[in-house]
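What follows is a set of notes on a single structure, which appears directly below.
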Amino acid sequence: MSVEFRIPTPLRRFASDQATVRVTAATVAEALEQLFAECPGLKAQIVEESGQVRRFVNIYVNGEDIRFLDGPKTALIAGDQIAIVPAIAGGSAPLTHPEIARYSRHLLLPEVAVEGQKKLRDGRVLLVGAGGLGSPAALYLAAAGVGTIGIVEFDVVDESNLQRQIIHDTTWVGRPKLESAAARLSALNPLVKVVPFEERLTSQNALRIFEGFDIVVDGTDNFATRYLTNDACYMLKKPNVYGSIFRFEGQASVFWPDKGPCYRCLYPTPPPPGLVPSCAEGGVLGVLPGVIGCIQATEAIKILLQAGRPLVGRLLLYDALDLSFRELKLRKDPDCPLCGTNRTVTGLVDYEEFCGIGRGEDAALPAGQEISVRELKEWLDRGDQIQLLDVREPHEAAICLIEGARLIPLAILPEHLHDLDTAKTTVVHCKSGVRSARAVQLLRQAGLSRTYNLRGGILAWAREIDPSLPTY
């Protein structure tokens, strides 16, 4: 018959954080065997090596202590509830021998010691993203013994990720990043529980996901998710450990509600779409996210330990080329729409609309100002007089190019408008279509009305037309 165990809070980490576990058994002894088979970590907490229930643990069936029934032989019927009641002295369970061996270097630090390691073990940290920043942060949080690590990630591993996203390896290319990260963390530290969220973070799920964690580590790569993370953390009063990277520079801070400014105090509004290129467009030094991600992990650990001075009200700037750190003071903005005196942001909003993304990266272009790579191929095969313009940087063109394209980087395009043939149809491309969309707007404003953006850029051309081209 089916009965239900009620797992007390101190022991839930040995039962995959379950509050209840159902088993099928006729006696308490059989029920315990089934429980230990499903949750092996519970056995050492409840029974001694001899198999006897520990003297500081009591077992109740439907509110009756089994010591005053038939002990472990107490018969069960369907629907019975079995409660495990351990002695609680107001603190968490002692460190096990494996934990002491693994974290011995922490235990030697007076600022951490046994009580601090318990705080880490009881800590729950959520990583938004398992990419460049999330990779080193997750690895070091797991190695440090943070007991529960949540990861929000919906992407798959791409070969171009491996230059910096060190939690993944070649064997995971084409497979979910979330599965890759969970496998790596479990291999690194099996004492840590990984809670996966294989979904895109949205206004509909952010509060639900964030609610079960103590700290959120922001490893996002776009402004919409960054503002969403900031707002959700403020509404739930969770510390938001911020990090961002681009090319050779990084930033880090801690936005902690009611203790300091928020991300909106620093950047009240996002830049227009396409103005600030992503790492996919502008590149990033592979070791850079390792530095910033480790700083984020450090800040999360300090908050859990209640040690040191977190980066609240401070913005740390890192320049890898100069190998320099600078610190700027951040202040709360009294007019901040989220945390200011007259709040106007009281709930989560549509962050893509807020960031001007709308229908996507190409939303700035009206209908009829784009063509697909297959349409371009048809025009070229037909012999149409096409002026093919590449607005990427020279170092990108050295990686791959579309035959016949003329290279004029977007930054210097305004200086070369007179070099273009206004009588020809112009097709503009970049890596993925973002920079070329801006170029199309510029050229049409200059009078080249027959100018079109190549949707998907050279990546789409390589994927659909010429697979021999390398991608990056």
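Letters A, B, ... mark the chains of the structure tokens in the order given; residue numbers begin at 1 per chain; ligand numbers begin at 1, in order shown.
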Using 12 Å as the limit and counting only C-alpha atoms, can you tabulate each residue of stretch 332-408 of chain A that touches stretch 226-246 of chain A, with its shortest atom-to-atom distance in Å and the two atoms involved, as JSON lines?
{"residue": "A:Cys336", "atom": "CA", "partner": "A:Asp231", "partner_atom": "CA", "distance": 11.7}
{"residue": "A:Pro337", "atom": "CA", "partner": "A:Asp231", "partner_atom": "CA", "distance": 10.3}
{"residue": "A:Leu338", "atom": "CA", "partner": "A:Asp231", "partner_atom": "CA", "distance": 7.3}
{"residue": "A:Cys339", "atom": "CA", "partner": "A:Tyr234", "partner_atom": "CA", "distance": 7.9}
{"residue": "A:Gly340", "atom": "CA", "partner": "A:Tyr234", "partner_atom": "CA", "distance": 11.7}
{"residue": "A:Arg343", "atom": "CA", "partner": "A:Met235", "partner_atom": "CA", "distance": 11.9}
{"residue": "A:Thr344", "atom": "CA", "partner": "A:Asp231", "partner_atom": "CA", "distance": 12.0}
{"residue": "A:Val345", "atom": "CA", "partner": "A:Asp231", "partner_atom": "CA", "distance": 8.5}
{"residue": "A:Thr346", "atom": "CA", "partner": "A:Met235", "partner_atom": "CA", "distance": 8.1}
{"residue": "A:Gly347", "atom": "CA", "partner": "A:Met235", "partner_atom": "CA", "distance": 7.9}
{"residue": "A:Leu348", "atom": "CA", "partner": "A:Asp231", "partner_atom": "CA", "distance": 6.9}
{"residue": "A:Val349", "atom": "CA", "partner": "A:Leu228", "partner_atom": "CA", "distance": 8.0}
{"residue": "A:Asp350", "atom": "CA", "partner": "A:Leu228", "partner_atom": "CA", "distance": 8.8}
{"residue": "A:Tyr351", "atom": "CA", "partner": "A:Leu228", "partner_atom": "CA", "distance": 6.5}
{"residue": "A:Glu352", "atom": "CA", "partner": "A:Leu228", "partner_atom": "CA", "distance": 9.5}
{"residue": "A:Glu353", "atom": "CA", "partner": "A:Tyr227", "partner_atom": "CA", "distance": 11.7}
{"residue": "A:Phe354", "atom": "CA", "partner": "A:Tyr227", "partner_atom": "CA", "distance": 9.1}
{"residue": "A:Cys355", "atom": "CA", "partner": "A:Tyr227", "partner_atom": "CA", "distance": 8.9}
Given the selection you just returned, output its residues as a file containing C-alpha atoms, formatted as an mmCIF file, in the first residue's frame.
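And here's again.cif as it stands now:
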data_model
loop_
_atom_site.group_PDB
_atom_site.id
_atom_site.type_symbol
_atom_site.label_atom_id
_atom_site.label_comp_id
_atom_site.auth_asym_id
_atom_site.auth_seq_id
_atom_site.Cartn_x
_atom_site.Cartn_y
_atom_site.Cartn_z
ATOM 1 C CA CYS A 336 14.562 55.869 -10.512
ATOM 2 C CA PRO A 337 11.265 54.445 -11.802
ATOM 3 C CA LEU A 338 11.902 51.186 -9.928
ATOM 4 C CA CYS A 339 13.524 52.029 -6.588
ATOM 5 C CA GLY A 340 13.086 55.820 -6.422
ATOM 6 C CA ARG A 343 7.967 54.488 -8.409
ATOM 7 C CA THR A 344 6.310 53.968 -11.760
ATOM 8 C CA VAL A 345 7.551 50.418 -12.393
ATOM 9 C CA THR A 346 5.494 48.292 -10.017
ATOM 10 C CA GLY A 347 5.343 45.062 -12.005
ATOM 11 C CA LEU A 348 7.259 43.185 -14.671
ATOM 12 C CA VAL A 349 6.716 44.570 -18.170
ATOM 13 C CA ASP A 350 7.399 43.583 -21.770
ATOM 14 C CA TYR A 351 11.187 44.008 -21.743
ATOM 15 C CA GLU A 352 11.690 43.459 -25.458
ATOM 16 C CA GLU A 353 9.312 46.326 -26.111
ATOM 17 C CA PHE A 354 11.042 48.394 -23.383
ATOM 18 C CA CYS A 355 14.394 47.820 -25.108
#
Near-A:Pro86 list (7 Å; only C-alpha atoms; drop same-chain fewer than 6 positions) as an MDAnalysis selection string | chainID A and resid 56:58
For those residues, write N, CA and C atoms to a file as a PDB file, in the first residue's frame.
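Full text of again_7.pdb as output:
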ATOM      1  N   PHE A  56      18.444  10.350  18.293  1.00  0.00           N
ATOM      2  CA  PHE A  56      17.976  11.741  18.200  1.00  0.00           C
ATOM      3  C   PHE A  56      16.992  11.932  17.041  1.00  0.00           C
ATOM      4  N   VAL A  57      16.476  10.799  16.501  1.00  0.00           N
ATOM      5  CA  VAL A  57      15.471  10.850  15.436  1.00  0.00           C
ATOM      6  C   VAL A  57      14.248  10.061  15.884  1.00  0.00           C
ATOM      7  N   ASN A  58      13.085  10.670  15.736  1.00  0.00           N
ATOM      8  CA  ASN A  58      11.830   9.988  16.072  1.00  0.00           C
ATOM      9  C   ASN A  58      11.015   9.778  14.802  1.00  0.00           C
TER      10      ASN A  58
END
Any idea what's packed within 10 Å of A:Leu389, counting only C-alpha atoms, ignoring anything in its chain fewer than 6 positions away? Could you give it as a list in words?
-> Ile402, Gly404, Ala405, Arg406, Leu407, Ile408, Pro409, Leu420, Thr426, Val427, Val428, His429, Cys430, Ser436, Ala439, Thr451, Asn453 and Leu454 of chain A
Only C-alpha atoms, please: the residues just picked out, written as a short mmCIF file (atom, residue, chain, number, x, y, z; two decimals), in the first residue's frame.
data_model
loop_
_atom_site.label_atom_id
_atom_site.label_comp_id
_atom_site.auth_asym_id
_atom_site.auth_seq_id
_atom_site.Cartn_x
_atom_site.Cartn_y
_atom_site.Cartn_z
CA ILE A 402 30.83 36.29 -50.16
CA GLY A 404 32.09 39.73 -55.28
CA ALA A 405 31.21 41.70 -52.16
CA ARG A 406 32.80 45.10 -51.60
CA LEU A 407 34.06 45.72 -48.06
CA ILE A 408 33.21 49.10 -46.50
CA PRO A 409 32.95 48.85 -42.69
CA LEU A 420 28.57 53.71 -54.56
CA THR A 426 22.42 47.43 -53.49
CA VAL A 427 22.35 44.45 -51.12
CA VAL A 428 24.09 44.97 -47.78
CA HIS A 429 25.24 42.24 -45.44
CA CYS A 430 27.18 41.82 -42.19
CA SER A 436 23.65 45.86 -42.23
CA ALA A 439 23.54 50.56 -43.09
CA THR A 451 18.91 49.09 -51.07
CA ASN A 453 19.36 44.11 -46.13
CA LEU A 454 20.48 40.47 -46.45
#
Give me the residues within 6 Å of stretch 371-376 of chain A as a list in words, counting only C-alpha atoms and dropping any in the same chain fewer than 2 places off.
-> Glu378, Trp379, Leu454, Arg455 and Trp461 of chain A
DSSP on the backbone, then: every residue of stretch 236-463 of chain A marked alpha helix (DSSP H), written as a PyMOL selection string.
-> chain A and resi 236+263-266+279-282+288-305+351-354+373-382+394-397+434-445+457-463
Taking the DSSP assignment computed from this structure's backbone, write out as a PyMOL selection string all residues of stretch 130-289 of chain A that belong to strand (DSSP E or B).
-> chain A and resi 148-152+156-157+173+176+193-197+215-218+240-247+249-255+284
Rounded to one decimal place, report the atom CA of A:Pro289-atom CA of A:Ser104 distance in Å.
-> 27.9 Å
For A:Arg435, list every protein, DNA or RNA residue within 8 Å, evaluated using only C-alpha atoms, and leave out those in the same chain fewer than 6 positions away; present the list as a PDB file with N, CA and C atoms, in the first residue's frame.
ATOM      1  N   GLY A 274      20.854  47.590 -31.632  1.00  0.00           N
ATOM      2  CA  GLY A 274      21.927  47.576 -32.613  1.00  0.00           C
ATOM      3  C   GLY A 274      23.040  48.569 -32.359  1.00  0.00           C
ATOM      4  N   VAL A 391      29.516  45.275 -44.768  1.00  0.00           N
ATOM      5  CA  VAL A 391      29.820  46.347 -43.811  1.00  0.00           C
ATOM      6  C   VAL A 391      30.485  45.807 -42.538  1.00  0.00           C
ATOM      7  N   ARG A 392      31.064  44.623 -42.603  1.00  0.00           N
ATOM      8  CA  ARG A 392      31.800  44.087 -41.454  1.00  0.00           C
ATOM      9  C   ARG A 392      33.181  44.734 -41.361  1.00  0.00           C
ATOM     10  N   LEU A 410      30.958  49.551 -41.537  1.00  0.00           N
ATOM     11  CA  LEU A 410      29.864  50.452 -41.199  1.00  0.00           C
ATOM     12  C   LEU A 410      30.371  51.773 -40.625  1.00  0.00           C
ATOM     13  N   HIS A 429      25.213  43.326 -46.435  1.00  0.00           N
ATOM     14  CA  HIS A 429      25.243  42.237 -45.444  1.00  0.00           C
ATOM     15  C   HIS A 429      26.329  42.484 -44.414  1.00  0.00           C
TER      16      HIS A 429
END
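Using only C-alpha atoms, the nearest neighbour of A:Asp155 within the list A:His97, A:Arg200, A:Arg22, A:Arg55 is A:Arg200.
Minimum distance to A:Arg67 across A:Val53, A:Glu48, A:Gly145, A:Gly283 (counting only C-alpha atoms) occurs at A:Val53.
Taking only C-alpha atoms into account, A:Glu153 lies nearest to A:Glu198 out of the set A:Asp258, A:Glu115, A:Glu198, A:Asp319.
With distances restricted to only C-alpha atoms, A:Leu315 is the closest residue to A:Cys265 from A:Ala93, A:Ala423, A:Leu133, A:Leu315.
With only C-alpha atoms taken into account, the protein and nucleic acid residues at most 9 Å from A:Gly131 (excluding it and anything under 6 positions from it in its own chain) are Glu153, Asn161, Arg164, Gln165, Ile166, Ile167, His168, Lys177, Gly219, Thr220 and Asp221 of chain A.
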So which one's closest to A:Thr471, A:Thr171, A:Val440, A:Ala83, A:Asp158? Using only C-alpha atoms, please.
-> A:Asp158
Near A:Ser16, within 10 Å and counting only C-alpha atoms, which residues show up once chain neighbours fewer than 5 positions away are dropped, as a VMD selection string?
-> chain A and resid 11 38 to 39 41 148 193 to 195
Would you mind exporting the chosen residues as a short mmCIF file (atom, residue, chain, number, x, y, z; two decimals), in the first residue's frame, restricted to C-alpha atoms?
data_model
loop_
_atom_site.label_atom_id
_atom_site.label_comp_id
_atom_site.auth_asym_id
_atom_site.auth_seq_id
_atom_site.Cartn_x
_atom_site.Cartn_y
_atom_site.Cartn_z
CA LEU A 11 16.90 16.65 5.82
CA GLU A 38 14.97 6.38 -3.44
CA CYS A 39 16.97 8.85 -1.32
CA GLY A 41 21.60 10.18 1.44
CA THR A 148 21.90 24.41 -4.45
CA LYS A 193 22.28 19.93 -6.15
CA VAL A 194 21.70 21.47 -9.60
CA VAL A 195 18.19 22.77 -10.30
#
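For the pair atom CA of A:Pro98 and atom CA of A:Ala29, the separation is 27.5 Å.
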